[in-house]
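Structure file upload_38.tsv (TSV, C-alpha atoms) follows.
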```tsv
chain	number	residue	atom	x	y	z
A	5	MET	CA	0.00	0.00	0.00
A	6	LYS	CA	2.90	2.39	0.70
A	7	ARG	CA	4.27	1.98	-2.81
A	8	VAL	CA	0.82	2.56	-4.29
A	9	GLY	CA	0.67	5.79	-2.31
A	10	VAL	CA	4.04	6.86	-3.71
A	11	TRP	CA	2.86	6.30	-7.27
A	12	LEU	CA	-0.39	8.18	-6.63
A	13	LEU	CA	1.69	11.08	-5.35
A	14	ILE	CA	3.86	10.99	-8.45
A	15	PHE	CA	0.79	10.90	-10.70
A	16	SER	CA	-0.80	13.83	-8.88
A	17	LEU	CA	2.38	15.86	-9.38
A	18	TYR	CA	3.04	15.02	-12.98
A	19	GLY	CA	-0.40	14.07	-14.32
A	20	ASP	CA	-0.47	12.95	-17.94
A	21	SER	CA	3.15	13.96	-18.46
A	22	ILE	CA	4.22	10.66	-16.92
A	23	TYR	CA	3.20	8.90	-20.11
A	24	SER	CA	5.54	11.09	-22.16
A	25	GLN	CA	8.59	9.75	-20.30
A	26	THR	CA	10.71	6.99	-21.76
A	27	ILE	CA	10.97	3.55	-20.17
A	28	GLU	CA	14.58	4.31	-19.29
A	29	GLU	CA	13.56	7.48	-17.45
A	30	LEU	CA	10.83	5.68	-15.52
A	31	GLU	CA	13.19	2.86	-14.60
A	32	HIS	CA	15.66	5.42	-13.31
A	33	GLU	CA	12.94	6.97	-11.15
A	34	LEU	CA	12.01	3.52	-9.87
A	35	ASP	CA	15.62	2.81	-8.96
A	36	SER	CA	15.73	6.12	-7.11
A	37	LEU	CA	12.63	5.14	-5.15
A	38	HIS	CA	14.24	1.82	-4.19
A	39	VAL	CA	17.36	3.63	-3.00
A	40	TRP	CA	15.19	6.01	-0.98
A	41	GLU	CA	13.20	3.10	0.51
A	42	THR	CA	16.39	1.24	1.48
A	43	ARG	CA	17.80	4.34	3.16
A	44	VAL	CA	14.63	4.94	5.18
A	45	LYS	CA	14.47	1.29	6.28
A	46	LYS	CA	18.08	1.52	7.43
A	47	GLN	CA	17.27	4.63	9.45
A	48	ILE	CA	14.31	2.89	11.08
A	49	GLU	CA	16.51	-0.09	11.94
A	50	GLU	CA	19.14	2.17	13.53
A	51	ILE	CA	16.50	3.94	15.63
A	52	ARG	CA	15.13	0.61	16.85
A	53	LEU	CA	18.62	-0.62	17.75
A	54	THR	CA	19.35	2.56	19.69
A	55	LYS	CA	16.07	2.25	21.59
A	56	VAL	CA	16.79	-1.38	22.52
A	57	ILE	CA	20.14	-0.52	24.10
A	58	THR	CA	18.70	2.56	25.81
A	59	ASP	CA	15.83	0.55	27.29
A	60	LEU	CA	18.23	-2.16	28.55
A	61	LYS	CA	20.31	0.44	30.36
A	62	ILE	CA	17.26	2.17	31.83
A	63	LEU	CA	15.98	-1.09	33.31
A	64	GLY	CA	19.41	-1.97	34.68
A	65	LEU	CA	22.04	-4.55	33.79
A	66	PRO	CA	22.71	-7.59	35.99
A	67	SER	CA	25.16	-7.03	38.82
A	68	GLY	CA	26.94	-9.27	41.30
A	69	ALA	CA	29.74	-10.81	39.20
A	70	GLU	CA	33.11	-9.67	37.94
A	71	VAL	CA	32.66	-9.60	34.18
A	72	GLU	CA	33.65	-7.50	31.20
A	73	ILE	CA	30.63	-5.50	30.04
A	74	VAL	CA	30.39	-5.64	26.26
A	75	GLU	CA	27.84	-3.49	24.44
A	76	HIS	CA	26.75	-4.42	20.93
A	77	LYS	CA	24.13	-2.83	18.70
A	78	SER	CA	21.35	-5.14	19.90
A	79	MET	CA	22.50	-6.79	23.13
A	80	ILE	CA	24.69	-6.22	26.16
A	81	LEU	CA	26.60	-9.06	27.78
A	82	GLY	CA	28.82	-9.71	30.77
A	83	TYR	CA	31.76	-11.85	29.60
A	84	ASP	CA	33.48	-14.18	32.07
A	85	GLU	CA	36.95	-14.98	30.78
A	86	LYS	CA	37.45	-17.73	33.34
A	87	HIS	CA	34.62	-19.75	31.80
A	88	GLU	CA	35.16	-18.44	28.24
A	89	GLN	CA	31.51	-17.46	27.83
A	90	ALA	CA	29.06	-14.79	28.90
A	91	ARG	CA	27.76	-15.07	32.43
A	92	TRP	CA	24.71	-13.23	31.15
A	93	VAL	CA	23.36	-11.75	27.92
A	94	SER	CA	20.64	-9.08	28.06
A	95	HIS	CA	18.45	-8.38	25.06
A	96	ILE	CA	14.91	-7.35	24.20
A	97	ILE	CA	12.37	-9.16	22.04
A	98	ILE	CA	10.38	-6.43	20.30
A	99	PRO	CA	6.99	-6.79	18.55
A	100	ASP	CA	8.68	-6.20	15.17
A	101	VAL	CA	9.91	-9.79	15.41
A	102	GLU	CA	6.50	-10.85	14.07
A	103	ASN	CA	7.12	-9.46	10.60
A	104	GLY	CA	10.90	-9.77	10.55
A	105	ASN	CA	12.19	-11.73	7.56
A	106	VAL	CA	15.97	-11.72	7.99
A	107	SER	CA	17.32	-15.26	7.58
A	108	ARG	CA	19.96	-17.05	9.67
A	109	THR	CA	23.46	-15.96	8.80
A	110	ASN	CA	25.42	-18.75	10.54
A	111	ASP	CA	28.44	-16.44	10.54
A	112	PHE	CA	29.90	-17.75	13.80
A	113	ARG	CA	32.93	-15.63	14.70
A	114	ILE	CA	35.11	-14.21	17.46
A	115	ASP	CA	33.66	-11.22	19.27
A	116	PRO	CA	36.07	-8.36	18.51
A	117	LEU	CA	34.84	-6.30	21.47
A	118	VAL	CA	35.85	-8.85	24.13
A	119	THR	CA	39.33	-7.67	25.11
A	120	THR	CA	40.46	-11.04	26.47
A	121	GLY	CA	39.31	-12.97	23.41
A	122	THR	CA	36.48	-15.47	23.10
A	123	ALA	CA	36.00	-19.12	22.28
A	124	VAL	CA	36.60	-20.21	18.69
A	125	LYS	CA	35.24	-22.82	16.30
A	126	ALA	CA	37.84	-25.38	17.36
A	127	ASP	CA	36.53	-25.30	20.94
A	128	TYR	CA	33.17	-26.69	19.81
A	129	TRP	CA	34.05	-28.73	16.72
A	130	TYR	CA	33.48	-32.48	17.18
A	131	SER	CA	32.78	-31.93	20.87
A	132	GLY	CA	29.28	-33.39	20.93
A	133	TYR	CA	27.90	-30.01	22.01
A	134	ASP	CA	25.94	-27.48	20.00
A	135	ARG	CA	26.93	-23.85	19.84
A	136	GLY	CA	23.84	-22.77	21.72
A	137	HIS	CA	22.70	-19.16	21.47
A	138	LEU	CA	22.02	-17.30	24.70
A	139	ALA	CA	20.21	-14.50	22.87
A	140	PRO	CA	18.58	-16.47	20.00
A	141	SER	CA	19.10	-15.29	16.44
A	142	ALA	CA	15.37	-15.58	15.66
A	143	ASP	CA	14.66	-12.84	18.22
A	144	PHE	CA	16.56	-10.46	15.92
A	145	ARG	CA	15.03	-11.35	12.57
A	146	TRP	CA	13.88	-7.72	12.27
A	147	SER	CA	17.50	-6.56	11.84
A	148	GLN	CA	20.35	-7.87	9.71
A	149	VAL	CA	22.85	-6.19	12.04
A	150	ALA	CA	21.33	-7.61	15.21
A	151	LEU	CA	20.90	-11.11	13.85
A	152	SER	CA	24.49	-11.24	12.66
A	153	GLU	CA	25.73	-10.09	16.08
A	154	SER	CA	23.99	-13.05	17.70
A	155	TYR	CA	26.61	-15.33	16.09
A	156	PHE	CA	29.51	-13.92	18.10
A	157	TYR	CA	31.14	-16.65	20.19
A	158	SER	CA	30.54	-14.45	23.22
A	159	ASN	CA	26.85	-15.35	22.77
A	160	MET	CA	27.55	-19.09	22.48
A	161	VAL	CA	27.47	-21.78	25.16
A	162	PRO	CA	27.97	-25.56	24.96
A	163	GLN	CA	24.52	-27.14	24.97
A	164	LEU	CA	23.72	-30.77	24.35
A	165	PRO	CA	21.62	-31.20	21.17
A	166	GLU	CA	18.72	-32.72	23.11
A	167	LEU	CA	18.36	-29.42	24.97
A	168	ASN	CA	19.32	-26.87	22.32
A	169	ARG	CA	17.12	-28.33	19.59
A	170	GLU	CA	14.18	-29.34	21.77
A	171	ARG	CA	12.91	-27.68	24.97
A	172	TRP	CA	15.32	-24.73	24.81
A	173	ALA	CA	14.16	-23.91	21.29
A	174	GLN	CA	10.55	-24.31	22.40
A	175	LEU	CA	11.15	-21.91	25.28
A	176	GLU	CA	12.54	-19.34	22.85
A	177	ASN	CA	9.45	-19.80	20.67
A	178	LEU	CA	7.19	-19.41	23.70
A	179	LEU	CA	8.65	-16.00	24.53
A	180	ARG	CA	8.39	-14.78	20.93
A	181	GLU	CA	4.77	-15.90	20.79
A	182	TYR	CA	4.09	-13.96	24.00
A	183	VAL	CA	5.53	-10.79	22.45
A	184	ILE	CA	3.53	-11.24	19.24
A	185	ALA	CA	0.28	-11.97	21.09
A	186	ASN	CA	0.62	-9.10	23.58
A	187	LYS	CA	2.28	-6.54	21.28
A	188	GLU	CA	4.68	-5.70	24.11
A	189	GLN	CA	8.45	-6.07	24.31
A	190	LEU	CA	10.12	-8.49	26.71
A	191	TYR	CA	13.37	-7.98	28.57
A	192	VAL	CA	15.33	-11.23	28.62
A	193	VAL	CA	18.53	-12.17	30.44
A	194	THR	CA	20.05	-15.56	29.62
A	195	GLY	CA	23.05	-17.50	30.81
A	196	GLY	CA	24.52	-20.66	32.23
A	197	VAL	CA	24.87	-21.23	35.96
A	198	LEU	CA	28.64	-20.90	36.30
A	199	ASN	CA	30.84	-22.15	39.14
A	200	ASP	CA	34.33	-23.48	39.69
A	201	SER	CA	33.32	-27.16	39.68
A	202	LEU	CA	32.10	-27.28	36.07
A	203	PRO	CA	33.81	-29.56	33.53
A	204	ILE	CA	35.44	-28.01	30.48
A	205	MET	CA	35.37	-28.84	26.78
A	206	ASN	CA	38.25	-31.19	26.01
A	207	ASN	CA	37.63	-32.18	22.40
A	208	GLU	CA	40.68	-32.69	20.22
A	209	GLY	CA	41.95	-29.39	18.85
A	210	HIS	CA	40.26	-27.13	21.37
A	211	LYS	CA	42.00	-23.81	21.97
A	212	ASN	CA	40.30	-22.51	25.12
A	213	LYS	CA	38.93	-23.84	28.38
A	214	VAL	CA	35.20	-23.48	27.83
A	215	SER	CA	33.12	-24.46	30.87
A	216	ILE	CA	30.10	-26.72	30.34
A	217	PRO	CA	27.15	-25.45	32.44
A	218	LYS	CA	24.88	-28.04	33.98
A	219	LEU	CA	21.98	-25.58	34.14
A	220	PHE	CA	20.79	-22.70	31.97
A	221	TYR	CA	18.42	-19.91	32.91
A	222	LYS	CA	16.24	-17.31	31.24
A	223	VAL	CA	14.95	-14.40	33.29
A	224	VAL	CA	12.06	-12.52	31.68
A	225	LEU	CA	10.26	-9.27	32.43
A	226	ASP	CA	7.27	-7.61	30.78
A	227	ASN	CA	7.69	-4.08	32.09
A	228	SER	CA	5.02	-2.40	29.98
A	229	GLY	CA	1.65	-1.02	30.97
A	230	GLU	CA	-0.11	-1.88	34.21
A	231	GLU	CA	0.19	-5.64	33.81
A	232	LYS	CA	3.90	-5.85	34.62
A	233	ARG	CA	5.04	-9.41	35.25
A	234	GLY	CA	8.20	-11.46	35.54
A	235	ILE	CA	9.13	-15.13	35.35
A	236	ALA	CA	12.25	-17.26	35.04
A	237	PHE	CA	13.03	-20.66	33.56
A	238	LEU	CA	15.73	-23.10	34.61
A	239	MET	CA	16.66	-26.11	32.46
A	240	PRO	CA	19.29	-28.83	32.82
A	241	ASN	CA	21.84	-29.26	30.03
A	242	GLY	CA	20.34	-32.44	28.59
A	243	ASN	CA	17.05	-34.08	27.81
A	244	CYS	CA	14.11	-32.15	29.28
A	245	SER	CA	11.03	-34.35	29.09
A	246	ASN	CA	8.68	-32.11	31.06
A	247	PRO	CA	6.41	-29.52	29.39
A	248	ILE	CA	8.06	-26.11	29.12
A	249	LEU	CA	6.05	-24.42	31.86
A	250	MET	CA	7.18	-27.01	34.40
A	251	TYR	CA	10.64	-25.41	34.20
A	252	ALA	CA	9.30	-22.06	35.37
A	253	VAL	CA	10.83	-20.74	38.60
A	254	SER	CA	10.93	-17.39	40.37
A	255	ILE	CA	13.49	-14.77	39.39
A	256	ASP	CA	14.52	-14.69	43.05
A	257	SER	CA	15.50	-18.36	42.89
A	258	VAL	CA	17.76	-17.74	39.88
A	259	GLU	CA	19.35	-14.80	41.67
A	260	ALA	CA	20.10	-17.05	44.66
A	261	LEU	CA	21.57	-19.71	42.36
A	262	THR	CA	23.73	-17.39	40.25
A	263	GLY	CA	24.60	-14.62	42.69
A	264	LEU	CA	23.31	-12.08	40.18
A	265	ASP	CA	20.85	-9.25	40.71
A	266	PHE	CA	18.61	-8.67	37.70
A	267	PHE	CA	16.74	-5.54	36.59
A	268	THR	CA	18.64	-3.43	39.09
A	269	SER	CA	16.79	-0.19	38.31
A	270	LEU	CA	13.49	-1.54	39.60
A	271	SER	CA	12.50	-0.27	43.01
A	272	GLU	CA	12.68	-2.68	45.93
A	273	ASP	CA	8.88	-2.98	45.97
A	274	GLU	CA	8.80	-3.75	42.24
A	275	GLN	CA	11.50	-6.37	42.62
A	276	VAL	CA	9.61	-8.06	45.44
A	277	LYS	CA	6.42	-8.00	43.35
A	278	HIS	CA	7.83	-9.29	40.05
A	279	GLU	CA	10.73	-11.48	41.10
A	280	SER	CA	9.09	-13.73	43.67
A	281	ILE	CA	6.17	-15.07	41.63
A	282	THR	CA	5.94	-18.25	39.56
A	283	ASP	CA	2.48	-17.83	38.04
A	284	VAL	CA	2.73	-19.43	34.57
A	285	ASP	CA	-0.81	-18.69	33.37
A	286	PRO	CA	0.01	-15.30	31.72
A	287	TRP	CA	2.79	-16.98	29.73
A	288	ARG	CA	0.63	-19.61	28.09
A	289	THR	CA	0.34	-19.36	24.32
A	290	LYS	CA	-3.01	-19.61	22.58
A	291	ALA	CA	-2.25	-23.24	21.75
A	292	MET	CA	-1.80	-23.92	25.48
A	293	GLU	CA	-5.20	-22.59	26.50
A	294	GLY	CA	-7.09	-25.19	28.53
A	295	GLU	CA	-3.95	-27.15	29.36
A	296	VAL	CA	-2.66	-27.71	32.89
A	297	LEU	CA	0.65	-28.60	34.45
A	298	PRO	CA	1.14	-32.29	35.22
A	299	ILE	CA	0.48	-33.23	38.83
A	300	ASP	CA	3.49	-32.91	41.11
A	301	PRO	CA	4.55	-36.57	41.46
A	302	THR	CA	5.58	-36.04	45.09
A	303	THR	CA	1.92	-35.40	45.95
A	304	LEU	CA	0.66	-38.65	44.44
A	305	PRO	CA	0.03	-41.79	46.51
A	306	LYS	CA	2.45	-44.68	46.21
A	307	GLY	CA	1.94	-46.66	43.02
A	308	LYS	CA	0.63	-43.71	41.00
A	309	ILE	CA	2.56	-41.65	38.45
A	310	ASN	CA	1.93	-38.43	36.52
A	311	THR	CA	1.65	-38.02	32.76
A	312	VAL	CA	5.31	-37.10	32.32
A	313	GLN	CA	6.52	-40.20	34.14
A	314	ALA	CA	4.35	-42.39	31.90
A	315	GLN	CA	7.03	-42.42	29.19
A	316	TYR	CA	9.30	-44.46	31.47
A	317	TYR	CA	6.76	-47.25	31.97
A	318	THR	CA	6.09	-48.23	28.36
A	319	GLY	CA	5.24	-51.93	28.14
A	320	SER	CA	4.18	-52.11	31.80
A	321	LYS	CA	0.94	-51.75	33.71
A	322	ALA	CA	0.67	-48.45	35.54
A	323	CYS	CA	-1.76	-46.00	37.12
A	324	VAL	CA	-1.41	-42.57	35.50
A	325	CYS	CA	-3.01	-39.48	37.01
A	326	GLY	CA	-3.78	-36.17	35.33
A	327	THR	CA	-6.50	-33.85	34.07
A	328	VAL	CA	-8.54	-34.63	30.96
A	329	VAL	CA	-8.05	-31.44	28.95
A	330	ALA	CA	-9.35	-32.66	25.57
A	331	THR	CA	-11.75	-35.36	24.35
A	332	LYS	CA	-12.92	-36.49	20.95
A	333	TYR	CA	-15.51	-38.98	19.78
A	334	SER	CA	-15.02	-40.29	16.24
A	335	GLU	CA	-18.31	-41.11	14.53
A	336	LYS	CA	-16.40	-42.90	11.79
A	337	SER	CA	-14.56	-45.37	14.02
A	338	GLY	CA	-16.76	-45.17	17.11
A	339	ALA	CA	-13.71	-44.61	19.28
A	340	THR	CA	-13.23	-42.07	22.04
A	341	PHE	CA	-9.89	-40.31	22.58
A	342	LEU	CA	-8.75	-38.56	25.76
A	343	ASN	CA	-5.70	-36.33	26.26
A	344	LEU	CA	-4.45	-35.65	29.76
A	345	ASP	CA	-2.77	-32.36	30.78
A	346	LYS	CA	-1.74	-31.36	27.23
A	347	LYS	CA	-3.78	-31.27	24.03
A	348	PHE	CA	-3.05	-32.46	20.50
A	349	PRO	CA	-0.58	-31.99	18.86
A	350	ASN	CA	1.55	-31.59	22.01
A	351	GLN	CA	-0.05	-34.43	23.94
A	352	ILE	CA	2.09	-36.25	26.51
A	353	PHE	CA	-0.38	-39.00	27.46
A	354	SER	CA	-3.44	-40.26	25.59
A	355	VAL	CA	-6.21	-42.79	26.21
A	356	THR	CA	-8.30	-44.65	23.65
A	357	ILE	CA	-11.67	-46.28	24.29
A	358	TRP	CA	-12.57	-48.35	21.24
A	359	LYS	CA	-16.09	-48.72	19.87
A	360	ASP	CA	-16.66	-52.21	21.29
A	361	SER	CA	-15.71	-50.98	24.78
A	362	ARG	CA	-18.13	-48.05	24.96
A	363	ALA	CA	-20.90	-50.43	26.04
A	364	ASN	CA	-18.90	-51.02	29.24
A	365	PHE	CA	-19.36	-47.39	30.28
A	366	SER	CA	-22.46	-46.10	32.07
A	367	TYR	CA	-21.69	-42.61	30.76
A	368	LEU	CA	-20.39	-40.96	27.62
A	369	PRO	CA	-16.67	-40.66	28.44
A	370	GLU	CA	-16.06	-37.74	26.06
A	371	ASN	CA	-18.65	-35.70	27.99
A	372	GLU	CA	-18.35	-36.96	31.54
A	373	LEU	CA	-14.55	-36.96	31.81
A	374	LYS	CA	-13.63	-33.66	30.15
A	375	GLY	CA	-12.09	-31.29	32.67
A	376	LYS	CA	-11.95	-33.97	35.39
A	377	LYS	CA	-8.87	-35.04	37.29
A	378	VAL	CA	-8.55	-38.80	36.89
A	379	CYS	CA	-6.31	-41.77	37.58
A	380	ILE	CA	-6.32	-44.38	34.82
A	381	THR	CA	-4.92	-47.91	35.14
A	382	GLY	CA	-3.79	-50.02	32.22
A	383	LYS	CA	-0.88	-51.18	30.11
A	384	LEU	CA	1.20	-48.38	28.65
A	385	GLU	CA	2.10	-48.52	24.98
A	386	ASP	CA	4.11	-46.21	22.76
A	387	LYS	CA	2.28	-44.58	19.85
A	388	LYS	CA	4.58	-42.43	17.74
A	389	GLY	CA	6.48	-41.30	20.82
A	390	THR	CA	3.43	-40.69	23.03
A	391	PRO	CA	2.51	-43.02	25.93
A	392	THR	CA	-1.02	-44.37	25.42
A	393	MET	CA	-3.50	-46.73	27.05
A	394	ASN	CA	-6.40	-48.69	25.58
A	395	ILE	CA	-9.17	-48.82	28.19
A	396	SER	CA	-12.02	-51.32	27.98
A	397	ASN	CA	-14.23	-50.43	30.98
A	398	GLU	CA	-15.01	-47.59	33.34
A	399	LYS	CA	-13.53	-49.39	36.36
A	400	SER	CA	-10.09	-48.56	34.93
A	401	ILE	CA	-10.82	-44.84	35.32
A	402	VAL	CA	-11.20	-43.26	38.75
A	403	ILE	CA	-12.38	-39.66	38.97
A	404	VAL	CA	-10.41	-37.85	41.66
A	405	GLU	CA	-12.18	-35.38	43.87
A	406	ASP	CA	-10.08	-32.30	44.79
```
Write out the structure in this file as structure tokens.
Amino acid sequence: MKRVGVWLLIFSLYGDSIYSQTIEELEHELDSLHVWETRVKKQIEEIRLTKVITDLKILGLPSGAEVEIVEHKSMILGYDEKHEQARWVSHIIIPDVENGNVSRTNDFRIDPLVTTGTAVKADYWYSGYDRGHLAPSADFRWSQVALSESYFYSNMVPQLPELNRERWAQLENLLREYVIANKEQLYVVTGGVLNDSLPIMNNEGHKNKVSIPKLFYKVVLDNSGEEKRGIAFLMPNGNCSNPILMYAVSIDSVEALTGLDFFTSLSEDEQVKHESITDVDPWRTKAMEGEVLPIDPTTLPKGKINTVQAQYYTGSKACVCGTVVATKYSEKSGATFLNLDKKFPNQIFSVTIWKDSRANFSYLPENELKGKKVCITGKLEDKKGTPTMNISNEKSIVIVED
């Protein structure tokens, strides 16, 4: 629409005379418009980058550790030479990420602003660890400059593939979806939990002593409007089988674990309000609506497991407890399907009641069980990576009263 407006303006200025111009002259004018458009877009990008850094400084950088503060165009980090990685990286996810179309650059390189030098390719190559981003490149797809900066080795940490490519990536997606849905920017601080007892990368050819964190954190703050809120996430460096929101913790707990103080410009009252809570409901995406967290297994009676633990009992009989968050009756097959705690396509435990078994129920399971907390007993099977049970009568399902 903007380009149409430009042409209407040109037509209003020149009227019929536009048709007397040669093709070459019109093409020259078009090229000039493209140059003008590129220049304006660059100016907009520079203004956005300046605002990001300004906002980060206004809110306050993490304190509590001896690090080299390194300021880039789109992020600020505290580099810890002893561990050859950033102890923290602060950046902002802005709403413009929704329409950003800059592609991955994969231009991994040494950070020239770190005076002591950073890790290099040889430190990660054939190590078994991914070069995991602390500030993810996809958060900067609105800026070629910012996205390229995210590939500095100062922004890399050794993450096992099962974390980096699975739950960690899903957590990054979750935060972007929050920004897009709420049209508000998020302040994010990310890092590994660093201490002197960590192992180091020892792959053949390594040049530096890069520590391997056992835990990674993300501290998040929505500081806009009246609905200010904060949350943190803590994940082990390995396979994370729980749903993302089960890794939510308070910002206070991450501060105690890392020795860092986040968002230092907030007043004491604001810090108490936003850094002590662990309410995950505001952080649910639209796809998560109606889902619940799996039951804390420590609260279950002996012999009962939650929906996450079900994956470890495939091939065995077990009693699985959770909340029926989705049901479906198939008129074609006559079967009833139940999902506990999480809905399709992210289900973590499913139940099937086949057509011939519906006669063994005194109620319609798709209606009666929806929204109920239940414990279901049966043999666990694996169906395309999801634990499932085939239930033949209502005695196998016990509705739990809160």
Write out as a ChimeraX atom specification the residues lying within 6 Å of stretch 265-273 of chain A, counting all atoms listed in the file and excluding same-chain residues fewer than 5 positions away.
/A:63-64,66-67,259
Extract, using all atoms listed in the file, all DNA, RNA and protein residues at most 7 Å from stretch 124-127 of chain A, discarding same-chain residues fewer than 5 positions from it, and format them as a PyMOL selection string.
chain A and resi 114+157+205+209-212
May I have the selected residues written with C-alpha atoms, as a short mmCIF file (atom, residue, chain, number, x, y, z; two decimals), in the coordinates of the input?
```
data_model
loop_
_atom_site.label_atom_id
_atom_site.label_comp_id
_atom_site.auth_asym_id
_atom_site.auth_seq_id
_atom_site.Cartn_x
_atom_site.Cartn_y
_atom_site.Cartn_z
CA ILE A 114 35.11 -14.21 17.46
CA TYR A 157 31.14 -16.65 20.19
CA MET A 205 35.37 -28.84 26.78
CA GLY A 209 41.95 -29.39 18.85
CA HIS A 210 40.26 -27.13 21.37
CA LYS A 211 42.00 -23.81 21.97
CA ASN A 212 40.30 -22.51 25.12
#
```
Extract, using only C-alpha atoms, all DNA, RNA and protein residues at most 7 Å from stretch 386-398 of chain A, discarding same-chain residues fewer than 6 positions from it, and format them as a ChimeraX atom specification.
/A:314-315,318,352-357,361,364-365
Give me the residues within 7 Å of A:Val192 as a PyMOL selection string, counting all atoms listed in the file and dropping any in the same chain fewer than 3 places off.
chain A and resi 94-96+222-225
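Residue nearest A:Val404, chosen from A:Gly68, A:Gly375, A:Gly307, A:Gly132 and counting all atoms listed in the file: A:Gly375.
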Min atom-atom distance to A:Glu85 from the set A:Phe144, A:Thr119, A:Leu53, A:Tyr251, counting all atoms listed in the file, belongs to A:Thr119
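Proximity ranking of A:Asp84, A:Glu208, A:Glu188, A:Glu295 relative to A:Asn159 places A:Asp84 first, based on all atoms listed in the file.
Counting only C-alpha atoms and comparing A:Glu88, A:Asp256, A:Asp345, A:Glu370, the residue that lies closest to A:Val324 is A:Asp345.
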Distance query A:Glu153 at most 10 Å, all atoms listed in the file, self and fewer than 6 positions along chain excluded, as a PyMOL selection string
chain A and resi 76-79+109+111-113+115+139+141+144+147+159
Determine, counting all atoms listed in the file, every residue of protein, DNA or RNA that lies within 8 Å of (-6.3, -41.3, 35.6) in the file coordinates, then give the result as a PyMOL selection string.
chain A and resi 323-327+377-381+401-403
Computed gap from atom CA of A:Glu70 to atom CA of A:Glu279 is 22.7 Å
Atom CA of A:Gln174 to atom CA of A:Pro140, distance in Å rounded to a single decimal
11.5 Å
State, in Å with one decimal place, the distance from atom CA of A:Phe220 to atom CA of A:Ser201.
15.4 Å
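Residues with at least one atom no more than 10 Å from (-0.4, -21.5, 19.1), using only C-alpha atoms, are Leu178, Glu181, Ala185, Arg288, Thr289, Lys290, Ala291, Met292 and Glu293 of chain A.
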Could you tell me which of A:Leu198, A:Asn186, A:Gln47, A:Pro247 comes closest to A:Ser228 if we count all atoms listed in the file?
A:Asn186
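In terms of minimum interatomic distance to A:Pro217, A:Tyr133 ranks closest within A:Phe237, A:Tyr133, A:Tyr182, A:Tyr316, counting all atoms listed in the file.
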Show me, as lines of an AutoDock Vina configuration file, the centre and edge lengths in Å to one decimal of the axis-aligned box that covers every listed atom of stretch 128-144 of chain A with 3 Å on each side.
```
center_x = 24.4
center_y = -21.9
center_z = 20.2
size_x = 25.4
size_y = 28.9
size_z = 15.0
```
Keeping just C-alpha atoms, export stretch 357-381 of chain A of this structure as an mmCIF file, in the first residue's frame.
```cif
data_model
loop_
_atom_site.group_PDB
_atom_site.id
_atom_site.type_symbol
_atom_site.label_atom_id
_atom_site.label_comp_id
_atom_site.auth_asym_id
_atom_site.auth_seq_id
_atom_site.Cartn_x
_atom_site.Cartn_y
_atom_site.Cartn_z
ATOM 1 C CA ILE A 357 -11.667 -46.277 24.287
ATOM 2 C CA TRP A 358 -12.566 -48.348 21.236
ATOM 3 C CA LYS A 359 -16.086 -48.717 19.870
ATOM 4 C CA ASP A 360 -16.659 -52.211 21.290
ATOM 5 C CA SER A 361 -15.706 -50.978 24.780
ATOM 6 C CA ARG A 362 -18.133 -48.048 24.957
ATOM 7 C CA ALA A 363 -20.896 -50.432 26.044
ATOM 8 C CA ASN A 364 -18.896 -51.025 29.242
ATOM 9 C CA PHE A 365 -19.356 -47.390 30.281
ATOM 10 C CA SER A 366 -22.458 -46.102 32.069
ATOM 11 C CA TYR A 367 -21.687 -42.606 30.761
ATOM 12 C CA LEU A 368 -20.390 -40.959 27.620
ATOM 13 C CA PRO A 369 -16.665 -40.662 28.439
ATOM 14 C CA GLU A 370 -16.065 -37.744 26.059
ATOM 15 C CA ASN A 371 -18.646 -35.701 27.988
ATOM 16 C CA GLU A 372 -18.346 -36.965 31.542
ATOM 17 C CA LEU A 373 -14.546 -36.962 31.806
ATOM 18 C CA LYS A 374 -13.633 -33.660 30.150
ATOM 19 C CA GLY A 375 -12.086 -31.295 32.675
ATOM 20 C CA LYS A 376 -11.954 -33.965 35.387
ATOM 21 C CA LYS A 377 -8.873 -35.036 37.292
ATOM 22 C CA VAL A 378 -8.551 -38.799 36.886
ATOM 23 C CA CYS A 379 -6.310 -41.773 37.579
ATOM 24 C CA ILE A 380 -6.317 -44.383 34.818
ATOM 25 C CA THR A 381 -4.923 -47.908 35.143
#
```
